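Data from structure_6.txt: compact mmCIF, C-alpha atoms
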# COMPACT_ATOMS: atom_id res chain seq x y z
CA MET O 1 108.05 53.37 116.43
CA PHE O 2 110.46 56.10 117.46
CA ALA O 3 109.30 59.55 118.52
CA GLN O 4 109.62 61.86 115.53
CA ASN O 5 110.01 65.11 117.45
CA GLU O 6 112.79 66.51 115.26
CA PRO O 7 114.91 65.57 112.25
CA ARG O 8 117.46 62.94 113.17
CA VAL O 9 120.11 64.08 110.69
CA ASP O 10 120.59 67.05 108.41
CA GLU O 11 117.83 66.49 105.87
CA THR O 12 120.17 67.53 103.04
CA GLU O 13 122.29 64.40 103.74
CA PRO O 14 120.78 61.45 101.85
CA GLU O 15 121.67 58.08 103.36
CA ARG O 16 122.48 54.82 101.63
CA TRP O 17 121.84 52.92 104.86
CA ASN O 18 121.23 53.38 108.58
CA ALA O 19 120.83 51.34 111.74
CA TYR O 20 118.65 51.91 114.80
CA TYR O 21 117.90 49.90 117.89
CA GLN O 22 115.11 49.70 120.46
CA ALA O 23 114.53 47.75 123.65
CA THR O 24 111.28 47.80 125.60
CA SER O 25 110.44 46.12 128.89
CA ILE O 26 106.96 46.32 130.40
CA GLY O 27 106.14 45.13 133.89
CA SER O 28 102.42 44.86 134.71
CA ALA O 29 100.31 43.86 137.70
CA HIS O 30 96.69 43.49 138.71
CA GLY O 31 95.17 42.70 142.09
CA ASN O 32 92.13 40.81 143.32
CA PHE O 33 88.81 41.53 141.66
CA PRO O 34 85.30 40.11 142.08
CA ALA O 35 84.30 37.12 139.94
CA LEU O 36 81.27 34.86 140.39
CA TYR O 37 82.89 32.04 138.38
CA LYS O 38 85.77 31.32 136.02
CA GLY O 39 86.41 29.26 132.93
CA PRO O 40 89.40 27.86 131.02
CA PHE O 41 90.14 31.20 129.32
CA SER O 42 89.35 33.56 132.19
CA LEU O 43 91.56 36.27 133.62
CA ARG O 44 92.57 35.06 137.08
CA ASN O 45 90.89 37.10 139.79
CA THR O 46 93.89 36.76 142.12
CA PRO O 47 96.99 39.00 141.91
CA GLU O 48 99.32 38.54 138.93
CA LYS O 49 102.61 40.18 137.97
CA GLU O 50 104.21 39.64 134.57
CA VAL O 51 107.01 41.15 132.45
CA SER O 52 107.58 41.37 128.69
CA LEU O 53 110.77 42.25 126.81
CA THR O 54 111.41 43.06 123.15
CA SER O 55 114.63 44.12 121.45
CA THR O 56 114.81 45.12 117.78
CA PHE O 57 117.48 46.16 115.28
CA PHE O 58 116.18 48.36 112.45
CA LEU O 59 118.42 48.04 109.38
CA ALA O 60 117.49 50.08 106.29
CA PHE O 61 119.29 50.19 102.92
CA ARG O 62 118.81 52.20 99.73
CA PRO O 63 120.56 50.16 97.00
CA ALA O 64 119.08 52.35 94.25
CA HIS O 65 117.48 55.79 94.04
CA ASN O 66 113.89 54.63 94.64
CA THR O 67 114.50 51.17 96.14
CA PHE O 68 114.52 50.37 99.86
CA LEU O 69 115.42 47.17 101.72
CA ILE O 70 114.40 46.61 105.36
CA LEU O 71 115.67 43.98 107.80
CA ASN O 72 114.56 43.80 111.47
CA PRO O 73 115.98 41.01 113.65
CA GLU O 74 113.98 40.93 116.89
CA ILE O 75 114.16 39.18 120.26
CA ALA O 76 111.04 38.81 122.41
CA GLY O 77 110.17 36.99 125.60
CA GLY O 78 108.04 37.17 128.71
CA ARG O 79 104.54 36.30 129.83
CA GLY O 80 101.06 37.82 129.89
CA PHE O 81 98.38 37.57 132.55
CA SER O 82 96.65 34.17 132.66
CA GLY O 83 98.43 32.96 129.52
CA VAL O 84 97.27 36.09 127.62
CA ASN O 85 93.65 35.11 128.24
CA GLY O 86 90.59 36.73 129.78
CA LEU O 87 90.53 40.15 128.09
CA ALA O 88 89.40 41.16 124.61
CA ASN O 89 91.33 44.43 124.80
CA GLN O 90 94.56 42.94 126.14
CA TYR O 91 96.58 45.35 128.27
CA ASN O 92 100.10 45.08 126.75
CA GLY O 93 100.70 45.71 123.06
CA GLU O 94 104.04 43.96 123.16
CA LEU O 95 102.47 40.59 124.00
CA PRO O 96 101.80 39.60 120.35
CA ARG O 97 105.58 39.54 119.84
CA ILE O 98 105.98 36.89 122.55
CA ASP O 99 105.84 33.17 121.80
CA THR O 100 107.46 31.84 125.00
CA ALA O 101 108.80 33.20 128.28
CA THR O 102 112.37 32.49 127.12
CA PRO O 103 113.57 35.27 124.76
CA LYS O 104 113.81 34.09 121.14
CA LEU O 105 115.45 35.60 118.08
CA TYR O 106 113.38 35.76 114.89
CA PRO O 107 113.12 37.91 111.72
CA ALA O 108 110.38 40.49 112.37
CA ARG O 109 110.63 42.23 109.00
CA ILE O 110 112.34 41.39 105.73
CA TYR O 111 110.91 43.41 102.86
CA MET O 112 111.65 45.54 99.80
CA THR O 113 109.83 48.68 98.68
CA GLN O 114 110.07 50.03 95.14
CA ASP O 115 108.84 53.56 94.31
CA PHE O 116 107.67 54.54 90.83
CA GLY O 117 107.63 58.33 90.52
CA LEU O 118 104.65 60.08 88.95
CA GLY O 119 106.28 63.49 88.50
CA ASP O 120 109.39 65.48 89.33
CA GLU O 121 108.29 66.87 92.72
CA ARG O 122 109.91 65.13 95.70
CA GLU O 123 109.38 65.18 99.47
CA THR O 124 112.08 64.98 102.15
CA PHE O 125 112.37 62.35 104.87
CA SER O 126 114.62 62.41 107.93
CA SER O 127 116.58 59.42 109.15
CA GLY O 128 114.68 57.03 111.41
CA PRO O 129 113.99 53.35 112.04
CA ASN O 130 113.23 51.64 108.72
CA GLN O 131 113.59 55.00 106.96
CA VAL O 132 116.73 56.43 105.35
CA SER O 133 117.06 60.19 105.02
CA GLY O 134 116.68 61.75 101.60
CA THR O 135 113.84 62.25 99.16
CA ARG O 136 111.07 60.19 97.59
CA PRO O 137 108.69 61.17 94.78
CA MET O 138 105.86 63.30 96.14
CA LYS O 139 103.48 61.47 93.82
CA ARG O 140 104.35 57.81 93.62
CA TYR O 141 103.14 54.27 93.18
CA SER O 142 104.93 51.99 95.65
CA VAL O 143 105.06 48.20 95.91
CA THR O 144 106.27 46.45 99.08
CA VAL O 145 106.92 42.70 99.15
CA GLY O 146 108.14 40.51 102.03
CA ARG O 147 107.59 39.93 105.74
CA PHE O 148 106.11 42.75 107.81
CA SER O 149 103.20 43.70 110.03
CA LEU O 150 100.16 44.98 108.15
CA THR O 151 99.90 47.65 110.85
CA ASP O 152 103.12 49.11 109.38
CA PHE O 153 100.99 50.31 106.46
CA PHE O 154 97.31 50.28 107.51
CA ASP O 155 95.26 51.84 110.33
CA ASN O 156 97.94 54.40 111.15
CA ASN O 157 97.30 57.13 113.71
CA ARG O 158 99.65 59.84 114.91
CA TYR O 159 98.52 59.63 118.53
CA THR O 160 98.06 55.90 119.05
CA HIS O 161 99.93 53.37 116.97
CA ASP O 162 103.00 52.29 118.94
CA PRO O 163 102.70 50.39 122.25
CA ARG O 164 106.38 51.07 122.93
CA SER O 165 105.76 54.78 123.44
CA GLN O 166 101.97 55.40 123.27
CA PHE O 167 98.82 53.53 124.39
CA MET O 168 99.34 49.84 125.15
CA GLY O 169 95.82 48.36 124.92
CA TRP O 170 95.43 46.17 121.84
CA SER O 171 92.27 47.84 120.55
CA VAL O 172 93.57 51.33 121.35
CA MET O 173 96.90 50.96 119.56
CA TYR O 174 95.17 49.29 116.55
CA ASN O 175 91.59 48.75 115.47
CA GLY O 176 90.56 45.75 117.58
CA ALA O 177 87.70 44.81 115.24
CA TRP O 178 90.23 44.32 112.41
CA ASP O 179 91.21 40.66 112.69
CA TYR O 180 94.33 41.38 110.67
CA PRO O 181 96.39 38.49 109.20
CA ALA O 182 99.38 37.71 111.40
CA ASP O 183 101.19 34.96 113.22
CA THR O 184 101.38 34.81 117.01
CA ARG O 185 104.01 37.57 116.96
CA GLY O 186 101.96 39.96 114.79
CA TYR O 187 103.82 39.55 111.47
CA THR O 188 102.94 38.02 108.11
CA TRP O 189 104.16 37.60 104.52
CA GLY O 190 102.54 39.50 101.69
CA TRP O 191 102.57 42.60 99.55
CA VAL O 192 101.22 46.14 99.75
CA HIS O 193 100.51 48.53 96.88
CA GLU O 194 100.14 52.26 97.53
CA LEU O 195 99.23 55.23 95.35
CA HIS O 196 100.49 58.24 97.28
CA MET O 197 99.52 61.76 96.23
CA LYS O 198 100.10 65.10 97.95
CA HIS O 199 96.91 65.12 100.03
CA TRP O 200 95.56 61.60 99.74
CA SER O 201 96.61 57.97 99.41
CA VAL O 202 95.03 54.65 98.48
CA ARG O 203 96.61 51.35 99.47
CA TYR O 204 95.86 47.67 98.98
CA GLY O 205 97.43 44.71 100.75
CA SER O 206 97.18 40.95 100.58
CA ALA O 207 98.87 38.72 103.15
CA ALA O 208 99.11 35.17 104.47
CA GLU O 209 96.80 33.92 107.21
CA PRO O 210 97.84 31.45 109.94
CA ARG O 211 96.81 27.83 109.49
CA VAL O 212 94.79 27.86 112.71
CA ALA O 213 93.50 30.58 115.02
CA ASN O 214 96.36 32.41 116.72
CA GLY O 215 98.84 30.08 115.03
CA LEU O 216 102.54 30.58 114.35
CA ARG O 217 102.66 28.72 111.00
CA PHE O 218 101.16 30.17 107.83
CA ASP O 219 98.83 28.65 105.27
CA ARG O 220 100.76 28.78 101.98
CA ARG O 221 97.69 28.34 99.78
CA LEU O 222 97.38 32.08 99.19
CA PHE O 223 94.91 31.83 96.33
CA ARG O 224 92.51 30.17 98.79
CA ASP O 225 93.38 31.47 102.27
CA ARG O 226 94.61 35.05 102.74
CA GLY O 227 93.62 38.47 104.01
CA ASP O 228 92.83 41.35 101.64
CA MET O 229 92.74 44.97 102.82
CA VAL O 230 92.06 48.30 101.11
CA GLU O 231 92.34 51.74 102.69
CA GLY O 232 91.81 55.32 101.58
CA GLU O 233 93.48 58.21 103.41
CA VAL O 234 92.82 61.95 103.22
CA ARG O 235 95.21 64.48 104.80
CA TYR O 236 94.15 68.07 105.48
CA SER O 237 94.71 71.09 107.74
CA VAL O 238 92.32 73.13 109.87
CA ARG O 239 93.83 76.56 110.57
CA GLU O 240 97.29 75.10 109.98
CA HIS O 241 96.64 72.16 112.33
CA PRO O 242 97.07 68.88 110.41
CA GLY O 243 94.58 66.06 110.48
CA ALA O 244 93.86 62.84 108.64
CA VAL O 245 91.00 60.38 108.13
CA ARG O 246 91.47 56.77 107.00
CA LEU O 247 88.71 54.39 105.90
CA MET O 248 89.63 50.71 105.68
CA GLY O 249 87.85 47.57 104.54
CA SER O 250 88.98 43.96 104.91
CA LEU O 251 87.97 40.59 103.48
CA LEU O 252 89.59 37.59 105.17
CA HIS O 253 89.65 34.10 103.63
CA THR O 254 90.45 31.45 106.26
CA ARG O 255 89.80 27.90 107.35
CA SER O 256 87.78 28.98 110.37
CA GLY O 257 84.54 28.26 112.19
CA ASN O 258 81.08 29.76 112.48
CA TYR O 259 79.43 30.57 115.84
CA ALA O 260 75.85 29.88 114.73
CA GLU O 261 76.79 26.49 113.29
CA ALA O 262 78.67 25.62 116.49
CA ILE O 263 75.52 26.38 118.51
CA ARG O 264 73.32 24.27 116.20
CA LEU O 265 75.66 21.29 116.46
CA SER O 266 75.83 21.57 120.26
CA GLU O 267 72.04 21.71 120.57
CA ALA O 268 71.69 18.58 118.46
CA ALA O 269 74.33 16.70 120.42
CA GLY O 270 73.56 18.14 123.86
CA THR O 271 77.16 19.36 124.28
CA THR O 272 79.04 22.60 124.79
CA PRO O 273 79.52 24.52 121.51
CA ASP O 274 82.98 24.38 119.96
CA VAL O 275 83.64 26.73 117.06
CA THR O 276 86.80 24.84 116.08
CA ALA O 277 84.64 21.82 115.17
CA THR O 278 82.94 23.88 112.44
CA ARG O 279 86.04 25.05 110.59
CA ARG O 280 85.54 25.09 106.83
CA ILE O 281 87.80 25.98 103.92
CA GLY O 282 86.89 29.28 102.26
CA THR O 283 85.19 30.92 105.24
CA LEU O 284 84.87 34.67 104.71
CA LYS O 285 85.04 37.41 107.32
CA TYR O 286 84.53 41.03 106.35
CA GLY O 287 84.80 44.30 108.23
CA THR O 288 85.50 48.00 108.10
CA GLY O 289 87.17 50.63 110.25
CA VAL O 290 87.80 54.36 110.54
CA SER O 291 90.88 56.03 112.02
CA ALA O 292 90.89 59.80 112.48
CA GLU O 293 93.44 62.17 114.02
CA GLN O 294 93.41 65.93 114.53
CA GLU O 295 95.94 68.32 115.97
CA ILE O 296 93.99 70.78 118.14
CA THR O 297 96.90 72.96 119.20
CA LYS O 298 100.61 72.46 118.62
CA ASP O 299 100.80 70.40 121.83
CA VAL O 300 97.34 68.78 121.97
CA GLY O 301 95.85 66.22 119.62
CA GLY O 302 92.86 63.90 119.54
CA PHE O 303 91.98 60.63 117.85
CA LEU O 304 88.98 58.44 117.09
CA ARG O 305 88.71 54.85 115.92
CA LEU O 306 85.58 52.97 114.89
CA GLY O 307 85.54 49.29 113.97
CA TRP O 308 83.06 46.64 112.86
CA ASN O 309 83.17 43.09 111.49
CA ASP O 310 80.42 40.64 110.64
CA GLY O 311 80.67 38.90 114.04
CA LYS O 312 79.69 35.52 112.60
CA THR O 313 83.11 33.98 112.16
CA GLU O 314 85.68 32.62 114.61
CA SER O 315 88.08 35.19 116.06
CA PHE O 316 91.20 34.13 114.24
CA ALA O 317 94.39 36.18 114.28
CA PHE O 318 94.14 39.28 116.50
CA THR O 319 91.49 39.39 119.22
CA ALA O 320 87.82 38.73 120.02
CA ILE O 321 86.22 42.09 119.15
CA ASP O 322 83.39 42.64 116.64
CA ARG O 323 82.45 46.26 117.46
CA LEU O 324 84.73 49.10 118.57
CA VAL O 325 84.66 52.76 119.59
CA SER O 326 87.92 54.27 120.83
CA ALA O 327 88.79 57.94 121.43
CA GLY O 328 91.39 59.91 123.32
CA LEU O 329 93.59 62.97 123.80
CA SER O 330 97.37 63.32 123.79
CA VAL O 331 99.31 66.29 125.24
CA THR O 332 103.04 66.97 124.94
CA GLY O 333 104.84 68.51 127.90
CA THR O 334 105.94 71.77 126.31
CA LYS O 335 104.01 73.94 128.77
CA TRP O 336 105.73 72.34 131.75
CA LYS O 337 109.12 72.52 129.97
CA ARG O 338 109.20 68.81 129.10
CA PRO O 339 108.71 68.91 125.29
CA ASN O 340 109.52 65.23 124.77
CA ASP O 341 107.12 64.00 127.47
CA VAL O 342 103.57 62.94 126.64
CA ALA O 343 100.46 62.62 128.82
CA ALA O 344 97.46 60.91 127.26
CA THR O 345 94.11 59.37 128.09
CA ALA O 346 91.64 57.23 126.13
CA LEU O 347 88.33 55.42 126.47
CA ASN O 348 87.80 52.17 124.60
CA VAL O 349 84.43 50.37 124.26
CA SER O 350 84.52 46.89 122.72
CA GLY O 351 81.59 44.65 121.85
CA ILE O 352 80.67 41.41 120.09
CA SER O 353 77.74 40.30 117.97
CA GLY O 354 74.62 38.67 119.38
CA VAL O 355 75.49 35.19 118.09
CA HIS O 356 79.06 35.53 119.38
CA ALA O 357 77.74 36.46 122.85
CA ASP O 358 75.28 33.54 122.75
CA TYR O 359 78.11 31.17 121.89
CA LEU O 360 80.14 32.33 124.92
CA ALA O 361 77.08 32.26 127.21
CA ARG O 362 76.58 28.58 126.35
CA GLY O 363 80.12 27.81 127.51
CA GLY O 364 81.98 28.14 124.21
CA ASN O 365 85.55 29.45 124.04
CA ASP O 366 87.44 31.72 121.67
CA PHE O 367 91.22 31.49 121.50
CA LEU O 368 91.66 34.03 124.33
CA ILE O 369 88.31 34.48 126.10
CA GLY O 370 85.82 32.04 127.60
CA ASP O 371 84.51 32.13 131.18
CA GLY O 372 82.25 29.09 130.84
CA ALA O 373 79.18 31.35 131.01
CA LEU O 374 78.38 34.97 130.20
CA ARG O 375 76.15 37.82 131.35
CA TYR O 376 76.95 40.11 128.45
CA GLY O 377 78.11 43.70 128.75
CA HIS O 378 80.45 45.86 126.72
CA GLU O 379 84.09 45.58 127.75
CA ILE O 380 84.99 49.17 128.67
CA THR O 381 88.61 50.16 129.23
CA SER O 382 89.91 53.55 130.30
CA GLU O 383 93.65 53.97 129.81
CA SER O 384 95.97 56.82 130.78
CA TYR O 385 99.74 57.09 130.65
CA TYR O 386 102.59 59.51 131.21
CA ASN O 387 105.70 58.94 129.08
CA ALA O 388 108.77 60.81 130.41
CA GLU O 389 112.13 61.14 128.66
CA LEU O 390 114.67 60.76 131.48
CA PHE O 391 117.58 61.38 129.14
CA HIS O 392 117.97 61.38 125.37
CA GLY O 393 116.91 58.02 124.00
CA PHE O 394 115.47 56.62 127.24
CA TRP O 395 111.84 56.88 128.34
CA VAL O 396 109.93 55.69 131.39
CA SER O 397 106.13 55.41 131.30
CA TYR O 398 103.47 54.71 133.87
CA ASP O 399 100.27 53.29 132.39
CA LEU O 400 97.00 52.70 134.27
CA GLN O 401 94.01 50.82 132.88
CA HIS O 402 90.57 50.18 134.38
CA VAL O 403 88.58 47.37 132.76
CA THR O 404 84.84 46.99 133.28
CA ASN O 405 83.26 43.67 132.25
CA PRO O 406 86.48 41.83 131.28
CA ALA O 407 85.77 39.47 128.36
CA TYR O 408 82.27 41.07 128.12
CA ASN O 409 81.18 39.51 131.40
CA GLN O 410 79.21 41.56 133.93
CA ASP O 411 79.75 38.76 136.48
CA ARG O 412 83.49 39.49 136.59
CA GLY O 413 85.50 42.61 137.41
CA PRO O 414 86.16 45.45 137.30
CA VAL O 415 89.94 45.14 137.38
CA TRP O 416 92.74 47.70 137.66
CA ILE O 417 95.95 47.07 135.69
CA SER O 418 99.10 49.13 136.25
CA SER O 419 102.23 48.97 134.10
CA LEU O 420 105.73 50.41 134.16
CA ARG O 421 107.37 50.66 130.74
CA LEU O 422 111.09 51.21 130.05
CA HIS O 423 111.98 52.11 126.48
CA LEU O 424 115.44 52.64 124.98
CA GLU O 425 116.19 54.00 121.49
CA LEU O 426 119.63 54.17 119.89
CA GLY O 427 120.55 55.63 116.51
CA LYS O 428 122.74 58.16 114.76
CA ASP O 429 121.24 61.12 116.59
CA THR O 430 121.87 59.45 119.97
CA PHE O 431 125.61 59.36 119.38
CA ARG O 432 125.68 62.83 117.79
CA ARG O 433 124.05 64.39 120.84
CA GLY O 434 126.48 62.51 123.07
CA ARG O 435 129.39 64.31 121.39
CA LYS O 436 127.91 67.79 121.83
Kindly return the structure encoded in the file as structure tokens.
Amino acid sequence: MFAQNEPRVDETEPERWNAYYQATSIGSAHGNFPALYKGPFSLRNTPEKEVSLTSTFFLAFRPAHNTFLILNPEIAGGRGFSGVNGLANQYNGELPRIDTATPKLYPARIYMTQDFGLGDERETFSSGPNQVSGTRPMKRYSVTVGRFSLTDFFDNNRYTHDPRSQFMGWSVMYNGAWDYPADTRGYTWGWVHELHMKHWSVRYGSAAEPRVANGLRFDRRLFRDRGDMVEGEVRYSVREHPGAVRLMGSLLHTRSGNYAEAIRLSEAAGTTPDVTATRRIGTLKYGTGVSAEQEITKDVGGFLRLGWNDGKTESFAFTAIDRLVSAGLSVTGTKWKRPNDVAATALNVSGISGVHADYLARGGNDFLIGDGALRYGHEITSESYYNAELFHGFWVSYDLQHVTNPAYNQDRGPVWISSLRLHLELGKDTFRRGRK
């Protein structure tokens, strides 16, 4: 969430609690682009301008030596292009937090983590959002229970994981082919177990799914409907340059539909296919993903993400992507005497399965794409940004995205999307620097 460029407090000072704050506003625009036709879930091909706003308090407590409590009240509001429709790789990573244009207060995170040490060796952590300074067991088994985003624990990547300071495209910031359990705002209820060792970790999570696709209310029948994830992580160094590789698998149990069945029913009835009409209890969706990061020099790093899911089942909680390749480079501004600035670029290629494409070509809709017809092509997005720290705790970014075949449709686009992002961070270090 926050840039971790330096320790935020003296690392010998363990904290019992801390408080941080962030506010992010993103203004985005796109112009006219060619389109042979449009459907109910198309990106409008006339100019649009929209703004999003999020504001979060990060409250962290350590009531006991190896126990942590996290509370994050959050306010979010704004709008996305075309009702957040018409793109698989949506352009603004803050949009999942937004339920209505009017800002609303809600609990983003309420969870507890308990560490169980597996030895005497400990590692040191600096103060930061949702992290108190002090030590934790180097080798530990940790259990987290409560409300959170699964992306807090899974599919991490040093160079692209936070749309408030890094890449903003949905399937660049996270693995777009991972239809991770979440409500409209990107959060869920569940638990995560992690075995953390010095050079590797294994984690498992199970969390509530929404009742319907892209829904705000959760299905409480967790023994029947839920999402299960497992991930292995290996950390290493190449000539003192750190890197990591993470392999994740997911099995999602939902009351959702099947594209092939929707097509069969529509052929029999002579109607347009509707995947929502085929929703069945106990539908399974499985997938896998890889996230890799590598520091190349002290100021240059690269990343790679690969994603895949079965492509048979209704897009349900994140976005309509079944196949994913995403890669990019990130450069800090040390050489031009701007060490807290970052320039980065990425290429993202998203795809869907054959039956999914056939469903859309016949006029079917997912919850955020559907042009009424389809001449299939991969949705290809190039994204570049420059994030500049104007003064301590305040950043301004310019982000530019070029989307070819929006919503996998060669009959629409390409489209250019430009965004201006303002990001404020406040915490203990902000006030300490102000006194110097």
re atom CA of Ala327 of chain O and atom CA of Thr151 of chain O: distance 18.5 Å
Residues within 7 Å of Gly117 of chain O, please, as an MDAnalysis selection string. Count all atoms listed in the file; anything in the same chain fewer than 4 positions from it doesn't count. chainID O and resid 137 139:141
Discussion item. With only C-alpha atoms as the counted atoms, please give the residues lying no more than 8 Å from segment 40-47 of chain O, apart from itself and same-chain residues fewer than 5 positions off, as a PyMOL selection string.
Written reply: chain O and resi 29-35+81-82+85-87+365+367-372+406-407
Might you pull out every residue within 7 Å of Asn348 of chain O, with all atoms listed in the file counted and same-chain residues fewer than 2 positions away left off, and present them as a short mmCIF file (atom, residue, chain, number, x, y, z; two decimals) with C-alpha atoms, keeping the file's coordinate frame?
data_model
loop_
_atom_site.label_atom_id
_atom_site.label_comp_id
_atom_site.auth_asym_id
_atom_site.auth_seq_id
_atom_site.Cartn_x
_atom_site.Cartn_y
_atom_site.Cartn_z
CA VAL O 172 93.57 51.33 121.35
CA VAL O 325 84.66 52.76 119.59
CA SER O 326 87.92 54.27 120.83
CA ALA O 327 88.79 57.94 121.43
CA ALA O 346 91.64 57.23 126.13
CA SER O 350 84.52 46.89 122.72
CA ILE O 380 84.99 49.17 128.67
CA THR O 381 88.61 50.16 129.23
CA SER O 382 89.91 53.55 130.30
#
Original post:
Taking only C-alpha atoms into account, which of O:Arg158, O:Pro103, O:Glu425, O:Glu50 comes nearest Gly83 of chain O?
Top reply: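 Closest candidate: O:Glu50.
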Practice problem: For atom CA of Ser418 of chain O and atom CA of Tyr386 of chain O, determine how far apart the two atoms are, in Å to one decimal place. | Solution: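 Here the two named atoms are 12.1 Å from each other.
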Step by step: start from the point (86.8, 40.4, 119.8) in the file's coordinates, keep every protein, DNA or RNA residue that has an atom no farther than 7 Å from it, count all atoms listed in the file, and write the set as a list in words.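 Selection result: Ala88, Gly176, Ala177, Ser315, Thr319, Ala320, Ile321, Asp322 and Ile352 of chain O.
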Could you dump the residues just selected with C-alpha atoms as a PDB file, in the frame of the given file?
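Output file part11.pdb follows:
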ATOM      1  CA  ALA O  88      89.400  41.160 124.610  1.00  0.00           C
ATOM      2  CA  GLY O 176      90.560  45.750 117.580  1.00  0.00           C
ATOM      3  CA  ALA O 177      87.700  44.810 115.240  1.00  0.00           C
ATOM      4  CA  SER O 315      88.080  35.190 116.060  1.00  0.00           C
ATOM      5  CA  THR O 319      91.490  39.390 119.220  1.00  0.00           C
ATOM      6  CA  ALA O 320      87.820  38.730 120.020  1.00  0.00           C
ATOM      7  CA  ILE O 321      86.220  42.090 119.150  1.00  0.00           C
ATOM      8  CA  ASP O 322      83.390  42.640 116.640  1.00  0.00           C
ATOM      9  CA  ILE O 352      80.670  41.410 120.090  1.00  0.00           C
TER      10      ILE O 352
END
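Each of O:Gly39, O:Pro273, O:Pro129, O:Gly169 was checked against Ile417 of chain O using only C-alpha atoms; the smallest atom-to-atom distance is that of O:Gly169.
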Between O:Glu231, O:Asp341, O:Asp115, O:Glu15, which one has atoms that come closest to Phe154 of chain O, using all atoms listed in the file?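 Of O:Glu231, O:Asp341, O:Asp115, O:Glu15, the one nearest Phe154 of chain O, counting all atoms listed in the file, is O:Glu231.
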Complete the atoms of segment 343-347 of chain O to all heavy atoms and put them out as a CSV table (one decimal), in the frame of the given file.
chain,number,residue,atom,x,y,z
O,343,ALA,N,101.5,63.1,128.0
O,343,ALA,CA,100.5,62.6,128.8
O,343,ALA,C,99.2,62.4,127.9
O,343,ALA,O,98.9,63.2,127.1
O,343,ALA,CB,100.1,63.6,129.9
O,344,ALA,N,98.6,61.2,128.1
O,344,ALA,CA,97.5,60.9,127.3
O,344,ALA,C,96.4,60.1,128.0
O,344,ALA,O,96.7,59.4,129.0
O,344,ALA,CB,98.0,60.2,126.0
O,345,THR,N,95.2,60.2,127.5
O,345,THR,CA,94.1,59.4,128.1
O,345,THR,C,93.2,58.9,127.0
O,345,THR,O,93.0,59.6,126.0
O,345,THR,CB,93.4,60.2,129.2
O,345,THR,OG1,92.4,59.3,129.9
O,345,THR,CG2,92.6,61.3,128.6
O,346,ALA,N,92.5,57.8,127.2
O,346,ALA,CA,91.6,57.2,126.1
O,346,ALA,C,90.6,56.4,126.8
O,346,ALA,O,90.7,55.9,127.9
O,346,ALA,CB,92.4,56.4,125.1
O,347,LEU,N,89.4,56.3,126.1
O,347,LEU,CA,88.3,55.4,126.5
O,347,LEU,C,88.1,54.5,125.3
O,347,LEU,O,87.9,54.9,124.2
O,347,LEU,CB,87.1,56.2,126.8
O,347,LEU,CG,85.9,55.4,127.2
O,347,LEU,CD1,86.1,54.7,128.6
O,347,LEU,CD2,84.6,56.3,127.3
